[in-house]
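Have a look at the structure below before the remarks.
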Amino acid sequence: MYNPIPNAPDEYIHLDGLDETAIYTDAENGKKYGGDLLVNSGWHFVNKSDNQSLIIVLKNNFTEEKTMSLDLNNFTNNQNEKSNIKSDRKLRIGIIGTGGISGGHIKSYLAQPDAEIVAGCDLIPGKAEKKFAEFEIKDAKYFTDYKEMIDTVPMDAVSVCTYNRTHAECAIYALEHGLNVLLEKPMSVTLDEAVAIRRAEKKSDKIVSVGFQPRFDANMKMIKKIVQSGELGRVYYVQTGGGRRHGIPVSWTDTFIQDDKAGLGALGDIGCYSIDLVMNALGNPKPLTVTGTATDYFGTTPEAYSQVGRPECAKMFSVDDFASAYIRLEGGIILDFRIAWYMHLDTPGDTIIMGTKGSLRVPSTDCWNGTFDKPLKIYHDVAGEPVETVIPLLPATKDLWNRKIRSFLDAIITGGKAPVPTDEIIYNQAILDGIERSSKCGHEVSIEIPGI
């Protein structure tokens, strides 16, 4: 990790070595670039000098080089202004839903010096109190009705950590009452719900960020950098997915496998991660059509739960344990997708991104909710001969949850765009929705996203 700004505070050190909120000037032509644009376009910091007008050298992943300058006085003034906003008061946070996933939110909020958790809500009486006690949170208020919590407790934002089926209603009510929302994935169960969330967000002038923390991992970022650099040429085919050999998630809760609570099974639990991995790398092209299937061959059998000793779960199971799809994306790209909670196979295949100049192989994982443990590999030609280039594995980003929470808080403070915005994730939701619809009707379906 590099810090291109001498003596800058730790919170402004970025993995890519660039402050994404700053403006950089090309030393050759005077053209100005936002730090976020440089990072997203695959540029990274490689060298600096410590004079008053900071000169840094940037390279993209393969060939080009830029020399940029940044006025340190301007940087200092900007950061002081941001610090004043932060020190004004702590952001007041509420937690809606205090099941297992809420623990990651709570732990990361508590690590932020400018945030405090002031309220918690869960349908089950006493559950919020018990969860908060695990983290020694004091002086918070507790509710079993999220509307009552929002109506009575002054807050700046909420984390929605509820069942998938209630993501939309909780997020929309919070937005209608002037709150920013960190919404756990999947964004919702249906496309209609996702559209409703986006409309409420636009009307409220607040932000919704969706909980895809893998986007903050160094190796996940490298995938996007490679694709966006143009090294692969025009991408025309993508294969992605993953899954678990035996891994229906019932060891700590039943809610993942019940349609009235989860709405989606493997699709919504781990499938959305796999889809976001490639959609984010591709720049989120619009999905056009889907041919898909979702099945429950294993979840409805007692044998699927032998390792956790819960055969009774077979009678509760009412979602998918496997799904596959063939998705046509804007730009002539084909997305070939499969995901599983349970299968008689170690993996349904690596993620592969094929282009006219080269192809990228990403080693498969069972979940895609973090990083991966094997190097990336690019297949391309050099002087007419086929070669393979191994991209060294970067150290895994250990604090993904803190980055997810920190980026959300920073967006609230600065009035910036949500770090994982709904205008991107709605395409993810449209694909999930399309797979479900296609599976039920037995043929290809079109994807039509209403205007917001």
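Each chain of the structure tokens is named A, B, ... in the order shown, its residues numbered from 1; ligands are numbered from 1 in display order.
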
Exercise: segment 295-302 of chain A partners within 12 Å, only C-alpha atoms, chain neighbours under 5 positions left out, as a PyMOL selection string: chain A and resi 245-250+256-258+264-267+307-325+338-344+435-436+439-440

Residues from last step as file, C-alpha atoms, as a PDB file, in the first residue's frame:
ATOM      1  CA  ARG A 245     -20.247 -29.183  -2.783  1.00  0.00           C
ATOM      2  CA  HIS A 246     -22.294 -29.528   0.419  1.00  0.00           C
ATOM      3  CA  GLY A 247     -23.239 -26.131   1.788  1.00  0.00           C
ATOM      4  CA  ILE A 248     -26.913 -25.327   2.242  1.00  0.00           C
ATOM      5  CA  PRO A 249     -26.737 -22.650   4.976  1.00  0.00           C
ATOM      6  CA  VAL A 250     -28.824 -24.027   7.841  1.00  0.00           C
ATOM      7  CA  PHE A 256     -32.151 -18.852   4.004  1.00  0.00           C
ATOM      8  CA  ILE A 257     -34.202 -21.833   2.827  1.00  0.00           C
ATOM      9  CA  GLN A 258     -37.732 -20.480   3.272  1.00  0.00           C
ATOM     10  CA  LEU A 264     -34.217 -16.589  -3.428  1.00  0.00           C
ATOM     11  CA  GLY A 265     -31.897 -19.428  -2.431  1.00  0.00           C
ATOM     12  CA  ALA A 266     -28.395 -19.935  -3.803  1.00  0.00           C
ATOM     13  CA  LEU A 267     -29.210 -17.273  -6.393  1.00  0.00           C
ATOM     14  CA  GLN A 307     -23.327 -33.073   7.907  1.00  0.00           C
ATOM     15  CA  VAL A 308     -25.182 -30.564  10.077  1.00  0.00           C
ATOM     16  CA  GLY A 309     -27.602 -33.072  11.620  1.00  0.00           C
ATOM     17  CA  ARG A 310     -30.765 -31.241  10.558  1.00  0.00           C
ATOM     18  CA  PRO A 311     -32.807 -33.574   8.315  1.00  0.00           C
ATOM     19  CA  GLU A 312     -36.012 -31.726   9.260  1.00  0.00           C
ATOM     20  CA  CYS A 313     -34.865 -28.821   7.057  1.00  0.00           C
ATOM     21  CA  ALA A 314     -35.868 -30.805   3.969  1.00  0.00           C
ATOM     22  CA  LYS A 315     -39.526 -30.155   4.753  1.00  0.00           C
ATOM     23  CA  MET A 316     -38.902 -26.412   5.125  1.00  0.00           C
ATOM     24  CA  PHE A 317     -36.908 -26.008   1.912  1.00  0.00           C
ATOM     25  CA  SER A 318     -38.768 -23.874  -0.648  1.00  0.00           C
ATOM     26  CA  VAL A 319     -36.095 -21.982  -2.634  1.00  0.00           C
ATOM     27  CA  ASP A 320     -33.432 -22.907  -5.205  1.00  0.00           C
ATOM     28  CA  ASP A 321     -30.257 -24.844  -4.399  1.00  0.00           C
ATOM     29  CA  PHE A 322     -28.886 -24.603  -7.966  1.00  0.00           C
ATOM     30  CA  ALA A 323     -29.374 -22.179 -10.830  1.00  0.00           C
ATOM     31  CA  SER A 324     -27.934 -21.680 -14.281  1.00  0.00           C
ATOM     32  CA  ALA A 325     -28.556 -19.144 -17.008  1.00  0.00           C
ATOM     33  CA  ARG A 338     -24.216 -21.266 -12.751  1.00  0.00           C
ATOM     34  CA  ILE A 339     -24.328 -21.367  -8.943  1.00  0.00           C
ATOM     35  CA  ALA A 340     -24.913 -24.096  -6.364  1.00  0.00           C
ATOM     36  CA  TRP A 341     -25.426 -24.635  -2.662  1.00  0.00           C
ATOM     37  CA  TYR A 342     -25.131 -28.386  -3.154  1.00  0.00           C
ATOM     38  CA  MET A 343     -23.689 -30.489  -5.980  1.00  0.00           C
ATOM     39  CA  HIS A 344     -21.706 -33.636  -6.645  1.00  0.00           C
ATOM     40  CA  ILE A 435     -33.600 -16.279 -14.116  1.00  0.00           C
ATOM     41  CA  GLU A 436     -36.540 -16.839 -11.780  1.00  0.00           C
ATOM     42  CA  SER A 439     -37.287 -20.948 -14.884  1.00  0.00           C
ATOM     43  CA  LYS A 440     -40.987 -20.712 -14.097  1.00  0.00           C
TER      44      LYS A 440
END

Could you give me, as JSON lines, a per-residue list for segment 348-394 of chain A showing, wherever an atom lies at most 10 Å from an atom of segment 224-228 of chain A, the closest pair of atoms and their distance in Å to one decimal, using only C-alpha atoms and sorting by chain then residue number from low to high?
{"residue": "A:Ile353", "atom": "CA", "partner": "A:Val227", "partner_atom": "CA", "distance": 8.3}
{"residue": "A:Met354", "atom": "CA", "partner": "A:Val227", "partner_atom": "CA", "distance": 9.8}
{"residue": "A:Gly355", "atom": "CA", "partner": "A:Val227", "partner_atom": "CA", "distance": 9.0}
{"residue": "A:Gly358", "atom": "CA", "partner": "A:Val227", "partner_atom": "CA", "distance": 9.9}
{"residue": "A:Ser359", "atom": "CA", "partner": "A:Val227", "partner_atom": "CA", "distance": 9.4}
{"residue": "A:Leu360", "atom": "CA", "partner": "A:Val227", "partner_atom": "CA", "distance": 8.4}
{"residue": "A:Ile378", "atom": "CA", "partner": "A:Ile226", "partner_atom": "CA", "distance": 9.3}
{"residue": "A:Ile391", "atom": "CA", "partner": "A:Ile226", "partner_atom": "CA", "distance": 9.9}

Save the residues we just selected, N, CA and C atoms, as a short mmCIF file (atom, residue, chain, number, x, y, z; two decimals), in the first residue's frame?
data_model
loop_
_atom_site.label_atom_id
_atom_site.label_comp_id
_atom_site.auth_asym_id
_atom_site.auth_seq_id
_atom_site.Cartn_x
_atom_site.Cartn_y
_atom_site.Cartn_z
N ILE A 353 -13.25 -14.71 -18.71
CA ILE A 353 -13.65 -13.53 -19.48
C ILE A 353 -12.87 -13.57 -20.79
N MET A 354 -13.57 -13.81 -21.89
CA MET A 354 -12.93 -13.99 -23.19
C MET A 354 -13.07 -12.75 -24.05
N GLY A 355 -11.95 -12.32 -24.63
CA GLY A 355 -11.94 -11.15 -25.49
C GLY A 355 -11.23 -11.43 -26.79
N GLY A 358 -7.39 -11.39 -25.86
CA GLY A 358 -6.94 -12.28 -24.80
C GLY A 358 -8.09 -12.70 -23.92
N SER A 359 -7.83 -13.67 -23.07
CA SER A 359 -8.84 -14.14 -22.13
C SER A 359 -8.26 -14.18 -20.73
N LEU A 360 -9.11 -13.96 -19.74
CA LEU A 360 -8.70 -13.93 -18.34
C LEU A 360 -9.38 -15.07 -17.60
N ILE A 378 -3.79 -14.63 -17.74
CA ILE A 378 -4.22 -14.10 -19.03
C ILE A 378 -3.65 -14.97 -20.15
N ILE A 391 -0.80 -13.25 -13.39
CA ILE A 391 -0.89 -12.00 -12.62
C ILE A 391 -0.72 -12.36 -11.15
#

- request: Identify which of the residues A:Leu409, A:Lys377, A:Cys441, A:Val153 lies closest to Lys90 of chain A, counting only C-alpha atoms when measuring atom-to-atom distances.
  value: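 The shortest atom-to-atom distance to Lys90 of chain A comes from A:Leu409.
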
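Relative to atom CA of Lys398 of chain A, atom CA of Gly94 of chain A is found at 25.0 Å.
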
- request: Go through A:Asp259, A:Glu388, A:Glu184, A:Asp192 and flag the residue nearest Gly104 of chain A, using only C-alpha atoms for the distances.
  value: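 Selected residue with least distance to Gly104 of chain A: A:Glu184.
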
- request: For Ile106 of chain A, list every protein, DNA or RNA residue within 9 Å, evaluated using only C-alpha atoms, and leave out those in the same chain fewer than 4 positions away; present the list as a ChimeraX atom specification.
  value: /A:95,102,110-111,117,132,135

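Among the candidates A:Leu393, A:Leu179, A:Leu345, A:Ile412, the residue lying nearest to Leu376 of chain A is A:Leu393 (atoms considered: only C-alpha atoms).
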
task: Assign secondary structure with DSSP using the backbone only, and return the residues of segment 121-321 of chain A in strand (DSSP E) as a ChimeraX atom specification.
output: /A:121,141-143,157-160,180-183,208-210,235-243,287-295

query: Suppose you want the space between atom CA of Gly241 of chain A and atom CA of Asn219 of chain A; what is it in Å?
result: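 Computing the Euclidean distance for atom CA of Gly241 of chain A and atom CA of Asn219 of chain A yields 17.0 Å.
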
task: Return the single residue from A:Ile327, A:Met149, A:Val195, A:Leu123 that is closest to Tyr236 of chain A, with distances computed using only C-alpha atoms.
output: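 Comparing A:Ile327, A:Met149, A:Val195, A:Leu123 against Tyr236 of chain A, the winner is A:Ile327.
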
Listing only residues of segment 392-419 of chain A within 8 Å of segment 198-213 of chain A, what is the closest atom pair and its distance in Å (to one decimal) for each, using only C-alpha atoms, sorted by chain and residue number ascending, as CSV?
residue,atom,partner,partner_atom,distance
A:Leu400,CA,A:Gln213,CA,5.7
A:Trp401,CA,A:Gln213,CA,6.3
A:Arg403,CA,A:Gln213,CA,7.6
A:Lys404,CA,A:Gln213,CA,5.5
A:Phe408,CA,A:Ser209,CA,6.8
A:Ile412,CA,A:Ile207,CA,7.6
A:Lys417,CA,A:Ile207,CA,7.2
A:Ala418,CA,A:Ser209,CA,5.2
A:Pro419,CA,A:Ser209,CA,6.1

- request: List every residue of segment 43-287 of chain A that DSSP, applied to the backbone of this structure, places in helix (DSSP H, G or I), and write the result as number ranges by chain.
  value: A: 72-88, 102-110, 127-134, 146-152, 164-176, 191-204, 213-216, 218-229, 255-257, 266-282

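Take atom CA of Glu116 of chain A and atom CA of Gly100 of chain A: the distance between them is 19.8 Å.
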
- prompt: Counting only C-alpha atoms, which of A:Phe337, A:Tyr379, A:Phe372, A:Tyr146 gets nearest to Ala218 of chain A?
  reply: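 Checking each candidate against Ala218 of chain A, we get A:Phe372 as the closest.
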
- prompt: From the list A:Ser108, A:Thr253, A:Gly103, A:Gly97, which residue is nearest Lys127 of chain A when using only C-alpha atoms?
  reply: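 For Lys127 of chain A, the nearest of the given residues is A:Gly97.
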